[in-house]
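What follows is a short report on a single structure.
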Amino acid sequence: MISDLSFHGIAASLWPFAFILLAGWLPTDIWRYLGVLTSGQLDEHSPLAAISRTVATALVSAVIGQLVFYPTGAMADFSLLVRLGALGLGFVAYLTCGRRVLVGILTAEAILFAGTFFS
């Protein structure tokens with residue numbers, strides 16, 4: 001006999017993974033694959049490339065701003081001063097160490113980790 005594959009059946013625990021696959025991974029990866037396929041023909045100094053970089057930078061900045069000023073989850077446990085300090089000192093470390101992203105991230109994480117003991 002075929003098992004019950006409804007939402008309440010045996011496969012009910014797999015629905016969140018199917019949703020992540022269909023709604024999260026697949027739509028974003030299609031654009032990534034198209035970007036890889038078309039990037040060879042795109043001039044990096046073209047207006048289209050400049051717009052793409054601008055939008056990508058704005059999206060990353062918006063996510064960072066939301067994490068600092070409107071945090072959820074564990075980040076909400078830190079005070080605004082600790083979050084701003086981690087952001088600022090991480091950026092200073094990034095600039096002073098030759099624009100190394102990993103150094104900036106590790107510095108900001110160290111500030112947040114220290115903030116768990118002092119706040």
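Residues in the structure tokens are numbered from 1 in each chain, the chains being A, B, ... in the order shown, and ligands are numbered from 1 in the order shown.
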**OP:** From a DSSP pass on the backbone, collect the residues of range 29-98 of chain A flagged as helix (DSSP H, G or I) and hand them back as an MDAnalysis selection string.
**Re:** chainID A and resid 29:41 47:69 73:77 80:96
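Excluding range 87-102 of chain A and any residue on its chain fewer than 6 positions from it, the residues at most 9 Å away by only C-alpha atoms are Ile64, Val68, Ala108, Glu109 and Ile111 of chain A.
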Original post:
Between CA of Phe69 in chain A and CA of Ile51 in chain A, what is the distance, to one decimal in Å?
Top reply: 26.4 Å
